[in-house]
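Here is the structure we will look at.
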Amino acid sequence: MKKIFHPPSPWFEGYDLVAVLIHKGRSVDSGHYYVAWVKQDSGKWIEFDDEQPILQKEDNITKLSGGGDWHMAYICLYKARVALPH
């Protein structure tokens, strides 16, 4: 059988959250889906809801638990963090 998973690189340090796709609404059949939270190279987060980009605090990401009409994290995108050898 062919090996699918490889041991992690010795330079691998973990994953960083870089974007969150959002659903806002009471059910999957209604509401609004959008790419909401994108982390910039500067470390700041910007919410993109249609045409209005809004600067957001990183602490607000932990509030994306859903419920009622509040936003819910639908898909989280991560980027591998590596420390390259010198």
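To be explicit about the labels: the chains of the structure tokens are called A, B, and onward in the order shown, and within each one the residues are counted from 1, while ligands get numbers from 1 in the order they are shown.
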
Spatial neighbours of Ala19 in chain A, 8 Å, only C-alpha atoms, chain gap at least 5 places, as a PDB file with N, CA and C atoms, in the first residue's frame:
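Result written to out_36.pdb:
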ATOM      1  N   VAL A  35     -17.307  35.664   2.106  1.00  0.00           N
ATOM      2  CA  VAL A  35     -15.938  35.584   2.609  1.00  0.00           C
ATOM      3  C   VAL A  35     -15.764  36.785   3.504  1.00  0.00           C
ATOM      4  N   ALA A  36     -15.656  36.531   4.772  1.00  0.00           N
ATOM      5  CA  ALA A  36     -15.763  37.650   5.685  1.00  0.00           C
ATOM      6  C   ALA A  36     -14.448  38.112   6.248  1.00  0.00           C
ATOM      7  N   TRP A  37     -13.700  37.243   6.824  1.00  0.00           N
ATOM      8  CA  TRP A  37     -12.540  37.663   7.599  1.00  0.00           C
ATOM      9  C   TRP A  37     -11.271  37.196   6.908  1.00  0.00           C
ATOM     10  N   VAL A  38     -10.447  38.131   6.494  1.00  0.00           N
ATOM     11  CA  VAL A  38      -9.192  37.813   5.828  1.00  0.00           C
ATOM     12  C   VAL A  38      -8.073  38.517   6.573  1.00  0.00           C
ATOM     13  N   LYS A  39      -7.073  37.734   6.979  1.00  0.00           N
ATOM     14  CA  LYS A  39      -5.943  38.300   7.713  1.00  0.00           C
ATOM     15  C   LYS A  39      -4.927  38.862   6.722  1.00  0.00           C
ATOM     16  N   CYS A  76     -13.110  27.510   7.750  1.00  0.00           N
ATOM     17  CA  CYS A  76     -11.897  28.175   8.229  1.00  0.00           C
ATOM     18  C   CYS A  76     -10.728  27.754   7.343  1.00  0.00           C
ATOM     19  N   LEU A  77      -9.946  28.723   6.890  1.00  0.00           N
ATOM     20  CA  LEU A  77      -8.790  28.458   6.035  1.00  0.00           C
ATOM     21  C   LEU A  77      -7.509  28.717   6.820  1.00  0.00           C
ATOM     22  N   TYR A  78      -6.598  27.757   6.745  1.00  0.00           N
ATOM     23  CA  TYR A  78      -5.345  27.828   7.496  1.00  0.00           C
ATOM     24  C   TYR A  78      -4.155  27.786   6.547  1.00  0.00           C
TER      25      TYR A  78
END

Would you kindly return, as a list in words, each protein, DNA or RNA residue with an atom no farther than 12 Å from any atom of Asn60 in chain A, considering only C-alpha atoms and excluding same-chain residues fewer than 3 positions away? Val20, Ala36, Trp37, Lys44, Trp45, Ile46, Glu47, Leu55, Gln56, Lys57, Lys63, Leu64, Ser65, Trp70, His71, Met72 and Ala73 of chain A

Same residues, C-alpha atoms, output as a compact mmCIF listing (two decimals), in the first residue's frame:
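Generated output (part-v4.txt):
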# COMPACT_ATOMS: atom_id res chain seq x y z
CA VAL A 20 -12.98 32.60 7.61
CA ALA A 36 -15.76 37.65 5.69
CA TRP A 37 -12.54 37.66 7.60
CA LYS A 44 -4.91 43.02 10.80
CA TRP A 45 -8.22 41.38 9.93
CA ILE A 46 -10.60 42.82 7.34
CA GLU A 47 -14.24 41.80 6.97
CA LEU A 55 -11.39 46.58 9.78
CA GLN A 56 -12.08 44.06 12.56
CA LYS A 57 -10.48 43.05 15.85
CA LYS A 63 -17.46 35.25 18.66
CA LEU A 64 -18.30 33.52 15.36
CA SER A 65 -20.18 30.72 17.10
CA TRP A 70 -25.33 36.31 14.44
CA HIS A 71 -22.50 35.27 12.13
CA MET A 72 -21.19 31.71 12.14
CA ALA A 73 -17.81 30.49 10.94

Nearest to His23 in chain A, restricted to only C-alpha atoms and choosing among A:Ala83, A:Asp49, A:Asp59, A:Ser42, comes out as A:Asp49

Find the residues around Val82 in chain A up to 6 Å (only C-alpha atoms counted), leave out those fewer than 2 positions away in its own chain, and share them as a ChimeraX atom specification. /A:11-13

Would you put the residues from that selection into a file with all heavy atoms, as a PDB file, in the first residue's frame?
ATOM      1  N   TRP A  11      10.869  21.639  10.015  1.00  0.00           N
ATOM      2  CA  TRP A  11      10.696  23.088  10.037  1.00  0.00           C
ATOM      3  C   TRP A  11       9.251  23.491  10.290  1.00  0.00           C
ATOM      4  O   TRP A  11       8.947  24.659  10.456  1.00  0.00           O
ATOM      5  CB  TRP A  11      11.192  23.691   8.728  1.00  0.00           C
ATOM      6  CG  TRP A  11      12.602  23.296   8.458  1.00  0.00           C
ATOM      7  CD1 TRP A  11      13.707  23.700   9.158  1.00  0.00           C
ATOM      8  CD2 TRP A  11      13.064  22.393   7.478  1.00  0.00           C
ATOM      9  NE1 TRP A  11      14.827  23.091   8.650  1.00  0.00           N
ATOM     10  CE2 TRP A  11      14.463  22.274   7.606  1.00  0.00           C
ATOM     11  CE3 TRP A  11      12.438  21.648   6.489  1.00  0.00           C
ATOM     12  CZ2 TRP A  11      15.241  21.475   6.797  1.00  0.00           C
ATOM     13  CZ3 TRP A  11      13.212  20.846   5.680  1.00  0.00           C
ATOM     14  CH2 TRP A  11      14.589  20.759   5.837  1.00  0.00           C
ATOM     15  N   PHE A  12       8.346  22.514  10.315  1.00  0.00           N
ATOM     16  CA  PHE A  12       6.930  22.796  10.515  1.00  0.00           C
ATOM     17  C   PHE A  12       6.688  23.283  11.943  1.00  0.00           C
ATOM     18  O   PHE A  12       7.141  22.688  12.896  1.00  0.00           O
ATOM     19  CB  PHE A  12       6.111  21.528  10.255  1.00  0.00           C
ATOM     20  CG  PHE A  12       4.653  21.687  10.549  1.00  0.00           C
ATOM     21  CD1 PHE A  12       3.834  22.388   9.684  1.00  0.00           C
ATOM     22  CD2 PHE A  12       4.096  21.144  11.689  1.00  0.00           C
ATOM     23  CE1 PHE A  12       2.487  22.535   9.950  1.00  0.00           C
ATOM     24  CE2 PHE A  12       2.756  21.282  11.968  1.00  0.00           C
ATOM     25  CZ  PHE A  12       1.947  21.977  11.093  1.00  0.00           C
ATOM     26  N   GLU A  13       5.961  24.403  12.062  1.00  0.00           N
ATOM     27  CA  GLU A  13       5.700  24.982  13.384  1.00  0.00           C
ATOM     28  C   GLU A  13       4.225  25.024  13.741  1.00  0.00           C
ATOM     29  O   GLU A  13       3.879  25.394  14.842  1.00  0.00           O
ATOM     30  CB  GLU A  13       6.282  26.392  13.458  1.00  0.00           C
ATOM     31  CG  GLU A  13       7.789  26.428  13.368  1.00  0.00           C
ATOM     32  CD  GLU A  13       8.341  27.833  13.533  1.00  0.00           C
ATOM     33  OE1 GLU A  13       7.595  28.811  13.325  1.00  0.00           O
ATOM     34  OE2 GLU A  13       9.520  27.948  13.872  1.00  0.00           O
TER      35      GLU A  13
END

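Of the residues under consideration (A:Thr62, A:Asp29, A:Ile54, A:Val18), A:Val18 shows the shortest atom-to-atom contact distance to Asp41 in chain A when counting only C-alpha atoms.
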
Straight-line distance linking CA of Gly31 in chain A with CA of Glu58 in chain A, stated in Å to one decimal: 23.7 Å
